[in-house]
Each structure stands twice: as structure tokens, then as C-alpha cells.
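Here the structure is laid out as C-alpha cells; the discussion comes afterwards.
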Amino acid sequence: MNPLLDRLQPYPFEKLRALFAGVTPNPAYKAISLGIGEPKHPTPAFIQQALSDNLNGLASYPSTIGAEPLRAAIAGWLERRYGLPPLDPATQILPVNGSREALFALAQTVVDPSQKDALVMCPNPFYQIYEGAAYLSGAQPYFVNSDPARNFAPDYRSVPDDVWPRVKLLYLCSPGNPTGAVLSLEDWKELFALSDRHGFVIAADECYSEIYFKPEAPLGGLQAANILGRTGYPRLIAFSSLSKRSNVPGMRSGFVAGDAAILKKFLLYRTYHGGAMSPPVQAASVAAWNDETHVVENRAKYMAKFQQVTPVLQTVLDVDLPDAGFYLWAKVDKLANISDTDFAKRLYAEYNVTVLPGSYLARDAHGSNPGRQRIRMALVAEVDECLEAAHRIAEFCQSL
């Protein structure tokens with residue numbers, strides 16, 4: 001067996017199941033889960049219809065590069081959303097089966113396995129796929145802690161100078177999971193300068209880009225590169241997905257876009273890896289990327305939830321409305337000295353509400369775990385259920 005598999009840690013939800021083992025939640029309350037970031041809003045009917053109308057496509061093998069109408073629809077969306085000049089759908093766009101598998105696979109393309117001291121840089125806290133991708137590519141992850149003073153953006157200026165030459169791939173998530181932080185143009189400018197100096201690839205995970213709470217939409221990586229005059233998006237690959245934007249996590253539909261030279265190699269890898277998207281899913285994806293009305297309506301639902309839930313929780317927790325995304329990232333020791341794991345376990349036992357301990361989403365790095373004494377709450381259910389959970393959490397906190 002591949003010995004690199006032994007480096008993989010249990011997924012956060014496995015840790016949560018172990019934490020809850022033997023605990024019987026209070027039967028007086030109906031179970032409410034804020035633990036998993038799985039969209040619960042209904043899938044728009046027109047997307048379902050497009051999927052069912054194209055089931056005859058199941059009779060054909062799909063190409064790895066994807067059908068031209070899908071690549072054109074993705075290019076059009078990127079151009080409209082980020083104000084980009086025309087993209088080449090044939091060389092700068094590649095459909096993928098959800099951003100998760102592509103985020104993992106890119107490391108296998110980018111990292112040279114013969115370089116034994118190679119690093120893959122990750123934010124901390126982070127989406128665990130980044131860490132697994134680093135290990136299975138033969139590299140080591142290097143974690144950059146989020147900084148509450150910078151709205152939880154990673155503090156890249158804290159990285160020692162002798163680390164950067166070893167970095168081959170840098171994962172970032174903007175808007176961030178779990179913090180909701182959005183990188184500024186100045187942040188991007190600094191990262192691009194570091195990439196130019198040291199030659200590493202930037203993998204920009206932007207799957208939460210369409211759920212935001214400010215008048216202006218979050219800045220994207222390709223958008224920042226275009227503003228800064230970086231023609232051709234050198235060493236930059238952006239990842240996006242329909243899962244959160246269009247409430248279709250079961251479709252597993254996303255894309256990567258950016259540097260054509262990297263995408264050419266990534267396409268070669270994926271041709272062998274077998275990463276082709278089903279034709280009916282491609283057709284439904286075309287419909288989804290070409291429509292913005294359902295996205296605006298979906299965003300309004302999240303806005304309504306956060307506007308009602310956040311004030312309730314602010315009475316008992318250190319928590320603020322994030323820039324974007326559908327998570328609240330709360331500090332739990334406002335009223336009592338309690339760990340994030342004890343908070344989650346007792347809340348589940350006493351009030352039958354599930355939240356995710358923040359320490360499960362981060363690693364001990366540079367003397368601290370930036371997720372410790374924090375919890376992540378995914379406001380993915382309908383507003384009434386989220387509001388009920390908030391009131392239970394408030395009552396629990398007051399009991400502390």
C-alpha cells in the first residue's frame with residue numbers, strides 16, 4: 001500500500017462522531033445540525049429539468065475537456081462576474097466534477113515528487129483536502145495561521161524568508177472556509193509578487209464566492225490578476241463550483257480556469273485519471289451558469305438568515321457577520337472558560353444541536369491552533385430551523 005496514506009488524518013466529521021460516541025442527546029429537542037456545510041435550499045426546478053431533458057446523453061462517453069457549450073457558458077459567467085476580457089474556452093477553462101476532486105488532483109500535477117523538501121502552503125484553519133493533496137503528492141503541508149486582526153485572513157508576512165523557495169503550490173480559500181474572510185487586492189498583489197519571485201502555483205478556491213453580505217461581490221483571483229495587468233494569469237488557477245451557488249451539491253459540477261500552460265498539463269493528468277463529467281450534468285450546468293436570477297434569490301435567503309441569527313448569537317458569543325460564505329466562526333469562551341470540543345459535546349447532549357469544533361478544522365502550527373475555542377456553524381437549513389438553533393445555543397451559553 002502507498003505509505004503516504006498513513007499521513008492522512010481523520011476527517012473532521014469522523015472526529016465529531018467519535019466525540020459524540022456514547023452521548024444521547026436530549027430527547028426534548030428535535031435534532032438540528034449546523035455541522036456540515038451542505039446546502040439545504042431547494043435545487044431550482046429549471047436545473048432539474050435540464051438534467052432530465054438530457055438523459056439520452058448517458059449513451060455517450062464524455063470527453064475530459066468537456067463539451068464546448070459548457071466551456072463557453074463558464075467563460076461567459078467568469079467574464080460577466082469578474083469583468084474579465086474574453087477567455088479562451090478551449091485552453092483556459094476545464095470543467096471538473098466538483099471543486100473538491102480538482103483541488104486534490106492539481107497537487108499531483110504541480111508538485112515534483114522527486115523534490116523531497118517540497119512544501120504545499122495552506123491556510124490554517126483550512127479545508128482538509130489541501131492537506132491530503134500535499135501528502136499524497138509527496139510534499140509537506142505548511143500552515144499559515146489566520147489572523148483575527150486581519151479579519152481572519154492568513155498572515156503571509158509571518159512566513160520566514162527561507163520557507164518560500166520550497167513552496168510549489170499555495171492553496172487559498174477566498175471567501176474563506178470557515179472564517180468567511182475575503183482577500184483584498186493588496187493581499188493578491190503581495191501573493192503574486194511572491195509567486196513571481198519563487199515560481200509557485202496559486203490554487204484559488206472560490207466556491208463560496210456567490211454568497212456574500214456586502215454591496216460589492218467578493219474579489220476573485222482572476223479579477224485581481226486582470227486589474228493588476230497580469231495577462232494570461234501566470235501560475236494562477238481559480239476553482240469554482242455550482243454546489244453552493246446553485247444548491248446542487250449532488251451534481252458535482254465545477255470548473256478550473258486560468259493559466260493555459262498549467263491547464264494543458266492538468267488536462268493530460270485528468271485524461272488518465274478519468275475525470276470526465278457526465279453529459280446530462282454538463283447540460284444542467286450550462287443552464288445553471290447561464291442564469292443569475294436564482295443566484296440572487298439564493299443569496300437573499302442567506303442574507304435573511306444571517307441578519308436574524310447573528311444578533312441572537314452575539315448576545316452570548318464573540319461572533320460577527322462574515323464577509324461571505326454561509327458559516328459563522330464564533331469564539332466560545334465569552335461567558336466561560338470552555339474548550340471548543342466540550343462546548344460542541346455539551347450542546348449536542350443538552351440541546352441536540354450539532355456544531356463543529358474549530359480545532360478540528362485547523363492544525364497546531366507555530367505554537368497555536370487558530371481554531372481552538374472556536375466553533376463553526378453552517379447556516380444551511382431554512383431560516384426557522386437556524387433561528388431555533390440560535391435560540392438553543394443562546395440558552396445553553398447562558399446556562400454556562
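The chains in the C-alpha cells are called A, B, ... from first to last as shown; in each chain the residues are counted from 1, and the ligands are counted from 1 in the order shown.
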
Any idea what's packed within 10 Å of segment 66-70 of chain A, counting only C-alpha atoms, ignoring anything in its chain fewer than 5 positions away? Could you give it as a short mmCIF file (atom, residue, chain, number, x, y, z; two decimals) with C-alpha atoms, in the first residue's frame?
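Result saved to out04.cif:
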```
data_model
loop_
_atom_site.label_atom_id
_atom_site.label_comp_id
_atom_site.auth_asym_id
_atom_site.auth_seq_id
_atom_site.Cartn_x
_atom_site.Cartn_y
_atom_site.Cartn_z
CA ALA A 75 -16.19 31.53 -19.74
CA GLY A 76 -19.19 33.81 -20.18
CA PRO A 89 -12.77 28.27 -23.57
CA ALA A 90 -10.51 25.75 -25.31
CA ILE A 93 -11.38 26.58 -18.92
CA LEU A 94 -11.71 22.99 -17.75
CA PRO A 95 -14.94 21.53 -16.28
CA VAL A 96 -14.43 19.30 -13.24
CA PHE A 255 -14.54 24.24 -13.12
CA GLY A 275 -12.23 12.99 -14.60
CA ALA A 276 -14.88 13.45 -17.33
CA MET A 277 -18.26 14.99 -16.42
CA SER A 278 -21.49 13.17 -17.30
CA PRO A 279 -23.25 14.69 -20.36
CA VAL A 281 -24.72 17.06 -15.75
CA GLN A 282 -22.93 19.16 -18.35
CA ALA A 283 -26.24 20.20 -19.88
CA ALA A 284 -27.71 21.10 -16.49
CA SER A 285 -24.54 23.02 -15.67
CA VAL A 286 -24.88 25.11 -18.84
CA ALA A 287 -28.37 26.11 -17.71
CA TRP A 289 -24.12 29.07 -15.29
CA ASN A 290 -26.27 30.99 -17.77
#
```

Skip Asn2 of chain A itself and residues of its chain fewer than 6 positions away, then list as a JSON list (two decimals) with C-alpha atoms, in the first residue's frame all residues within 12 Å of it, counting only C-alpha atoms.
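Final file, around00.json:
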```json
[["chain", "number", "residue", "atom", "x", "y", "z"],
["A", 8, "LEU", "CA", -3.86, 11.38, 6.35],
["A", 135, "TYR", "CA", 0.80, 14.48, 1.49],
["A", 136, "LEU", "CA", -0.29, 12.32, -1.46],
["A", 137, "SER", "CA", 1.80, 14.43, -3.84],
["A", 138, "GLY", "CA", 4.87, 13.68, -1.73]]
```

Which residues of segment 248-348 of chain A sit at most 7 Å from segment 387-398 of chain A, using only C-alpha atoms? Give each one's shortest atom pair and distance in Å (one decimal place), in chain and ascending residue order, as CSV.
```
residue,atom,partner,partner_atom,distance
A:Val309,CA,A:Leu387,CA,5.5
A:Val312,CA,A:Ala390,CA,6.4
A:Leu313,CA,A:Ala394,CA,6.1
A:Val316,CA,A:Ala394,CA,6.0
A:Leu347,CA,A:Phe396,CA,6.7
```

Find the residues around Ala21 of chain A up to 12 Å (only C-alpha atoms counted), leave out those fewer than 4 positions away in its own chain, and share them as a CSV table (one decimal) with N, CA and C atoms, in the first residue's frame.
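Result file follows (selection-v5.csv):
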```csv
chain,number,residue,atom,x,y,z
A,14,GLU,N,-15.5,12.6,11.1
A,14,GLU,CA,-15.1,11.4,11.8
A,14,GLU,C,-14.8,11.7,13.2
A,15,LYS,N,-14.0,12.8,13.4
A,15,LYS,CA,-13.7,13.2,14.8
A,15,LYS,C,-14.9,13.6,15.6
A,16,LEU,N,-15.9,14.2,14.9
A,16,LEU,CA,-17.1,14.6,15.6
A,16,LEU,C,-17.9,13.4,16.0
A,17,ARG,N,-18.0,12.4,15.1
A,17,ARG,CA,-18.7,11.2,15.5
A,17,ARG,C,-18.0,10.5,16.7
A,25,PRO,N,-28.5,12.6,22.9
A,25,PRO,CA,-29.0,14.0,23.0
A,25,PRO,C,-30.3,14.1,23.7
A,345,LYS,N,-19.8,19.1,22.5
A,345,LYS,CA,-20.3,17.9,23.1
A,345,LYS,C,-21.5,18.2,24.0
A,348,TYR,N,-24.6,19.4,22.1
A,348,TYR,CA,-25.3,18.3,21.5
A,348,TYR,C,-26.1,17.5,22.5
A,349,ALA,N,-25.5,17.2,23.7
A,349,ALA,CA,-26.1,16.4,24.7
A,349,ALA,C,-27.3,17.1,25.3
```

Under the rule of at most 10 Å, produce a per-residue listing of segment 250-345 of chain A near segment 208-229 of chain A: chain, number, name, the closest pair of atoms, and the distance in Å, as CSV, using only C-alpha atoms.
```
residue,atom,partner,partner_atom,distance
A:Ala257,CA,A:Leu222,CA,8.4
A:Gly258,CA,A:Leu222,CA,7.1
A:Asp259,CA,A:Leu222,CA,9.8
A:Val295,CA,A:Glu210,CA,7.3
A:Val296,CA,A:Glu210,CA,8.6
A:Asn298,CA,A:Ile211,CA,8.0
A:Arg299,CA,A:Ile211,CA,5.4
A:Ala300,CA,A:Ile211,CA,8.8
A:Lys301,CA,A:Ile211,CA,9.7
A:Tyr302,CA,A:Ile211,CA,7.3
A:Met303,CA,A:Phe213,CA,6.3
A:Ala304,CA,A:Phe213,CA,9.9
A:Phe306,CA,A:Phe213,CA,8.8
A:Gln307,CA,A:Phe213,CA,9.4
A:Leu321,CA,A:Phe213,CA,8.1
A:Pro322,CA,A:Phe213,CA,7.6
A:Asp323,CA,A:Phe213,CA,6.2
A:Ala324,CA,A:Tyr212,CA,4.0
A:Gly325,CA,A:Tyr208,CA,5.1
A:Phe326,CA,A:Ile211,CA,6.9
```

List the neighbours of Lys331 of chain A out to 7 Å using only C-alpha atoms; skip same-chain residues closer than 3 positions along the sequence, and give me the result as a PyMOL selection string. chain A and resi 317-319+334+373-375

Report, in Å to a single decimal, how far apart atom CA of Asp342 of chain A and atom CA of Phe20 of chain A are.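 Taking atom CA of Phe20 of chain A and atom CA of Asp342 of chain A, their separation equals 10.3 Å.
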
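Of the residues under consideration (A:Gln140, A:Thr231, A:Thr354, A:Thr293), A:Thr293 shows the shortest atom-to-atom contact distance to Arg245 of chain A when counting only C-alpha atoms.
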
As a compact mmCIF listing (two decimals) with C-alpha atoms, in the first residue's frame, list the residues of segment 147-339 of chain A assigned to strand (DSSP E or B) by DSSP on the backbone atoms of this structure.
```
# COMPACT_ATOMS: atom_id res chain seq x y z
CA ASP A 147 -5.05 36.48 11.90
CA ALA A 153 -7.05 36.34 6.52
CA PRO A 154 -3.82 34.27 6.61
CA VAL A 167 6.77 26.23 -1.83
CA LYS A 168 5.49 24.65 -5.03
CA LEU A 169 1.75 25.15 -4.57
CA LEU A 170 -0.21 27.59 -2.43
CA TYR A 171 -3.85 26.87 -1.62
CA LEU A 172 -6.03 29.74 -0.55
CA CYS A 173 -9.75 29.99 0.06
CA VAL A 201 1.39 27.99 -8.37
CA ILE A 202 -1.60 29.60 -6.64
CA ALA A 203 -4.76 27.49 -6.34
CA ALA A 204 -7.63 29.87 -5.54
CA ASP A 205 -10.60 28.03 -4.04
CA TYR A 212 -21.98 37.46 0.37
CA LEU A 236 -2.86 31.09 -11.16
CA ILE A 237 -5.69 28.56 -11.22
CA ALA A 238 -9.15 29.52 -9.92
CA PHE A 239 -11.66 26.89 -8.77
CA SER A 240 -15.41 27.35 -8.54
CA SER A 241 -18.49 25.19 -8.18
CA GLY A 254 -17.43 22.91 -11.10
CA PHE A 255 -14.54 24.24 -13.12
CA VAL A 256 -10.93 25.37 -13.04
CA ALA A 257 -9.74 28.38 -15.03
CA GLY A 258 -6.58 30.39 -15.53
CA ASP A 318 -17.91 36.52 20.19
CA ALA A 324 -19.14 35.99 2.68
CA TYR A 327 -20.57 29.93 8.14
CA LEU A 328 -20.40 31.74 11.44
CA TRP A 329 -16.97 31.46 13.09
CA ALA A 330 -17.55 32.08 16.79
CA LYS A 331 -15.34 32.22 19.85
```

Set the distance at 12 Å and use only C-alpha atoms: which residues neighbour Ala59 of chain A once local chain neighbours fewer than 2 positions away are removed? I'd like the list as JSON, numbers by chain. {"A": [54, 55, 56, 57, 61, 62, 278, 279, 280]}

Residue among A:Ala102, A:Ile74, A:Leu5, A:Val120 lying closest to Leu242 of chain A, counting only C-alpha atoms: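 Among the listed residues, the smallest separation from Leu242 of chain A belongs to A:Ile74.
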
As a PyMOL selection string, please: every residue in segment 47-274 of chain A that DSSP puts in helix (DSSP H, G or I). chain A and resi 47-53+55-59+68-82+99-110+129-136+148-150+156-158+164-166+185-198+221-227+242-246+249-251+260-273

Create the file for the chosen residues now, containing C-alpha atoms and written as an mmCIF file, in the first residue's frame.
```cif
data_model
loop_
_atom_site.group_PDB
_atom_site.id
_atom_site.type_symbol
_atom_site.label_atom_id
_atom_site.label_comp_id
_atom_site.auth_asym_id
_atom_site.auth_seq_id
_atom_site.Cartn_x
_atom_site.Cartn_y
_atom_site.Cartn_z
ATOM 1 C CA ILE A 47 -31.748 22.907 -13.432
ATOM 2 C CA GLN A 48 -33.529 19.665 -12.573
ATOM 3 C CA GLN A 49 -35.441 19.927 -15.848
ATOM 4 C CA ALA A 50 -32.274 20.459 -17.875
ATOM 5 C CA LEU A 51 -30.771 17.367 -16.251
ATOM 6 C CA SER A 52 -33.771 15.162 -17.016
ATOM 7 C CA ASP A 53 -34.149 16.531 -20.555
ATOM 8 C CA LEU A 55 -30.605 11.812 -20.040
ATOM 9 C CA ASN A 56 -30.047 10.500 -23.572
ATOM 10 C CA GLY A 57 -26.509 11.760 -23.114
ATOM 11 C CA LEU A 58 -25.880 8.767 -20.843
ATOM 12 C CA ALA A 59 -25.428 6.704 -24.010
ATOM 13 C CA GLU A 68 -17.878 23.339 -25.968
ATOM 14 C CA PRO A 69 -21.252 24.773 -24.797
ATOM 15 C CA LEU A 70 -20.297 24.156 -21.168
ATOM 16 C CA ARG A 71 -16.841 25.703 -21.501
ATOM 17 C CA ALA A 72 -18.397 28.686 -23.288
ATOM 18 C CA ALA A 73 -21.024 29.089 -20.545
ATOM 19 C CA ILE A 74 -18.340 29.032 -17.837
ATOM 20 C CA ALA A 75 -16.194 31.533 -19.740
ATOM 21 C CA GLY A 76 -19.194 33.814 -20.176
ATOM 22 C CA TRP A 77 -20.028 33.661 -16.488
ATOM 23 C CA LEU A 78 -16.444 34.465 -15.483
ATOM 24 C CA GLU A 79 -16.332 37.406 -17.876
ATOM 25 C CA ARG A 80 -19.640 38.820 -16.568
ATOM 26 C CA ARG A 81 -18.967 38.150 -12.887
ATOM 27 C CA TYR A 82 -15.408 39.435 -12.712
ATOM 28 C CA SER A 99 -14.036 21.648 -6.966
ATOM 29 C CA ARG A 100 -13.050 19.119 -4.276
ATOM 30 C CA GLU A 101 -11.621 16.480 -6.582
ATOM 31 C CA ALA A 102 -9.887 19.081 -8.726
ATOM 32 C CA LEU A 103 -8.296 20.794 -5.718
ATOM 33 C CA PHE A 104 -6.878 17.439 -4.680
ATOM 34 C CA ALA A 105 -5.746 16.413 -8.165
ATOM 35 C CA LEU A 106 -3.970 19.658 -9.004
ATOM 36 C CA ALA A 107 -1.226 18.903 -6.480
ATOM 37 C CA GLN A 108 -0.430 15.693 -8.328
ATOM 38 C CA THR A 109 0.137 17.769 -11.466
ATOM 39 C CA VAL A 110 2.088 20.652 -9.938
ATOM 40 C CA ILE A 129 -8.439 18.367 1.113
ATOM 41 C CA TYR A 130 -5.457 20.761 0.854
ATOM 42 C CA GLU A 131 -3.504 18.819 3.473
ATOM 43 C CA GLY A 132 -4.326 15.447 1.929
ATOM 44 C CA ALA A 133 -3.332 16.683 -1.505
ATOM 45 C CA ALA A 134 0.012 17.821 -0.136
ATOM 46 C CA TYR A 135 0.801 14.477 1.493
ATOM 47 C CA LEU A 136 -0.292 12.321 -1.459
ATOM 48 C CA PRO A 148 -8.167 37.790 13.716
ATOM 49 C CA ALA A 149 -6.679 41.285 13.450
ATOM 50 C CA ARG A 150 -6.795 40.923 9.640
ATOM 51 C CA TYR A 156 1.631 35.520 4.867
ATOM 52 C CA ARG A 157 4.065 38.152 6.144
ATOM 53 C CA SER A 158 4.744 35.854 9.109
ATOM 54 C CA TRP A 164 9.170 30.445 0.301
ATOM 55 C CA PRO A 165 11.741 28.862 -2.099
ATOM 56 C CA ARG A 166 10.439 25.389 -1.124
ATOM 57 C CA LEU A 185 -6.391 43.487 -3.863
ATOM 58 C CA GLU A 186 -3.324 44.313 -1.764
ATOM 59 C CA ASP A 187 -3.284 40.720 -0.456
ATOM 60 C CA TRP A 188 -3.360 39.435 -4.018
ATOM 61 C CA LYS A 189 -0.637 41.843 -5.104
ATOM 62 C CA GLU A 190 1.672 40.519 -2.371
ATOM 63 C CA LEU A 191 0.940 36.890 -3.266
ATOM 64 C CA PHE A 192 1.511 37.481 -6.977
ATOM 65 C CA ALA A 193 4.862 39.105 -6.194
ATOM 66 C CA LEU A 194 5.857 36.094 -4.096
ATOM 67 C CA SER A 195 4.731 33.716 -6.861
ATOM 68 C CA ASP A 196 6.779 35.649 -9.422
ATOM 69 C CA ARG A 197 9.834 35.537 -7.158
ATOM 70 C CA HIS A 198 9.645 31.876 -6.186
ATOM 71 C CA GLY A 221 -8.221 35.769 -8.105
ATOM 72 C CA LEU A 222 -8.591 36.120 -11.877
ATOM 73 C CA GLN A 223 -10.224 39.501 -11.326
ATOM 74 C CA ALA A 224 -7.326 40.672 -9.162
ATOM 75 C CA ALA A 225 -4.814 39.447 -11.733
ATOM 76 C CA ASN A 226 -6.647 41.278 -14.502
ATOM 77 C CA ILE A 227 -6.795 44.525 -12.506
ATOM 78 C CA LEU A 242 -22.245 25.138 -8.619
ATOM 79 C CA SER A 243 -22.811 23.364 -5.288
ATOM 80 C CA LYS A 244 -23.257 26.461 -3.113
ATOM 81 C CA ARG A 245 -24.138 28.951 -5.864
ATOM 82 C CA SER A 246 -26.993 26.876 -7.290
ATOM 83 C CA PRO A 249 -24.044 19.611 -4.343
ATOM 84 C CA GLY A 250 -25.171 16.229 -5.663
ATOM 85 C CA MET A 251 -24.423 17.203 -9.273
ATOM 86 C CA ALA A 260 -3.362 27.821 -20.039
ATOM 87 C CA ALA A 261 0.045 26.129 -19.697
ATOM 88 C CA ILE A 262 -0.891 24.613 -16.331
ATOM 89 C CA LEU A 263 -4.353 23.612 -17.547
ATOM 90 C CA LYS A 264 -2.778 21.811 -20.510
ATOM 91 C CA LYS A 265 -0.801 19.612 -18.112
ATOM 92 C CA PHE A 266 -3.794 19.244 -15.801
ATOM 93 C CA LEU A 267 -5.931 18.063 -18.721
ATOM 94 C CA LEU A 268 -3.290 15.447 -19.541
ATOM 95 C CA TYR A 269 -3.364 14.246 -15.936
ATOM 96 C CA ARG A 270 -7.165 14.153 -15.862
ATOM 97 C CA THR A 271 -7.342 12.255 -19.147
ATOM 98 C CA TYR A 272 -5.554 9.379 -17.439
ATOM 99 C CA HIS A 273 -7.251 9.939 -14.095
#
```

All residues 9 Å or closer to segment 9-13 of chain A, only C-alpha atoms, same chain fewer than 2 positions away omitted, as JSON, numbers by chain: {"A": [6, 7, 15, 16, 17, 18, 35, 36, 128, 132, 356, 357, 360, 361]}

Preceding selection exported with N, CA, C and O atoms as an mmCIF file, in the first residue's frame:
```cif
data_model
loop_
_atom_site.group_PDB
_atom_site.id
_atom_site.type_symbol
_atom_site.label_atom_id
_atom_site.label_comp_id
_atom_site.auth_asym_id
_atom_site.auth_seq_id
_atom_site.Cartn_x
_atom_site.Cartn_y
_atom_site.Cartn_z
ATOM 1 N N ASP A 6 -0.874 6.804 5.153
ATOM 2 C CA ASP A 6 -0.827 6.774 6.617
ATOM 3 C C ASP A 6 -0.690 8.168 7.222
ATOM 4 O O ASP A 6 -0.873 8.341 8.430
ATOM 5 N N ARG A 7 -0.347 9.153 6.393
ATOM 6 C CA ARG A 7 -0.206 10.517 6.905
ATOM 7 C C ARG A 7 -1.551 11.234 7.017
ATOM 8 O O ARG A 7 -1.647 12.280 7.671
ATOM 9 N N LYS A 15 -14.013 12.807 13.434
ATOM 10 C CA LYS A 15 -13.659 13.231 14.791
ATOM 11 C C LYS A 15 -14.921 13.613 15.573
ATOM 12 O O LYS A 15 -15.030 13.338 16.772
ATOM 13 N N LEU A 16 -15.860 14.240 14.892
ATOM 14 C CA LEU A 16 -17.094 14.647 15.557
ATOM 15 C C LEU A 16 -17.904 13.425 15.989
ATOM 16 O O LEU A 16 -18.449 13.400 17.103
ATOM 17 N N ARG A 17 -17.986 12.421 15.124
ATOM 18 C CA ARG A 17 -18.692 11.190 15.503
ATOM 19 C C ARG A 17 -18.040 10.539 16.721
ATOM 20 O O ARG A 17 -18.724 10.037 17.613
ATOM 21 N N ALA A 18 -16.717 10.546 16.746
ATOM 22 C CA ALA A 18 -16.010 9.964 17.898
ATOM 23 C C ALA A 18 -16.276 10.784 19.158
ATOM 24 O O ALA A 18 -16.445 10.221 20.257
ATOM 25 N N GLY A 35 -23.533 21.455 11.544
ATOM 26 C CA GLY A 35 -22.179 20.934 11.468
ATOM 27 C C GLY A 35 -21.612 20.831 10.065
ATOM 28 O O GLY A 35 -20.452 21.159 9.836
ATOM 29 N N ILE A 36 -22.409 20.379 9.119
ATOM 30 C CA ILE A 36 -21.904 20.106 7.770
ATOM 31 C C ILE A 36 -22.335 21.216 6.819
ATOM 32 O O ILE A 36 -23.507 21.605 6.789
ATOM 33 N N GLN A 128 -9.707 20.392 4.554
ATOM 34 C CA GLN A 128 -8.730 19.332 4.775
ATOM 35 C C GLN A 128 -8.207 18.690 3.491
ATOM 36 O O GLN A 128 -7.160 18.039 3.498
ATOM 37 N N GLY A 132 -4.422 16.771 2.547
ATOM 38 C CA GLY A 132 -4.326 15.447 1.929
ATOM 39 C C GLY A 132 -3.658 15.493 0.576
ATOM 40 O O GLY A 132 -2.861 14.610 0.227
ATOM 41 N N LEU A 356 -19.501 22.294 14.758
ATOM 42 C CA LEU A 356 -18.197 21.668 14.534
ATOM 43 C C LEU A 356 -17.120 22.396 15.336
ATOM 44 O O LEU A 356 -16.966 23.618 15.201
ATOM 45 N N PRO A 357 -16.378 21.689 16.197
ATOM 46 C CA PRO A 357 -15.280 22.340 16.919
ATOM 47 C C PRO A 357 -14.256 22.932 15.959
ATOM 48 O O PRO A 357 -13.820 22.277 15.007
ATOM 49 N N TYR A 360 -10.947 21.141 15.046
ATOM 50 C CA TYR A 360 -10.980 20.056 14.072
ATOM 51 C C TYR A 360 -10.693 20.555 12.658
ATOM 52 O O TYR A 360 -10.418 19.751 11.761
ATOM 53 N N LEU A 361 -10.781 21.851 12.449
ATOM 54 C CA LEU A 361 -10.579 22.443 11.128
ATOM 55 C C LEU A 361 -9.208 23.082 10.980
ATOM 56 O O LEU A 361 -8.925 23.720 9.969
#
```

Which value, in Å to one decimal, gives the distance between atom CA of Arg346 of chain A and atom CA of Glu385 of chain A? 19.6 Å

When distances are computed from only C-alpha atoms, which of A:Asp117, A:Leu4, A:Val380, A:Phe143 shows the smallest separation from Asn247 of chain A?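 Looking only at the distances to Asn247 of chain A, the closest residue turns out to be A:Val380.
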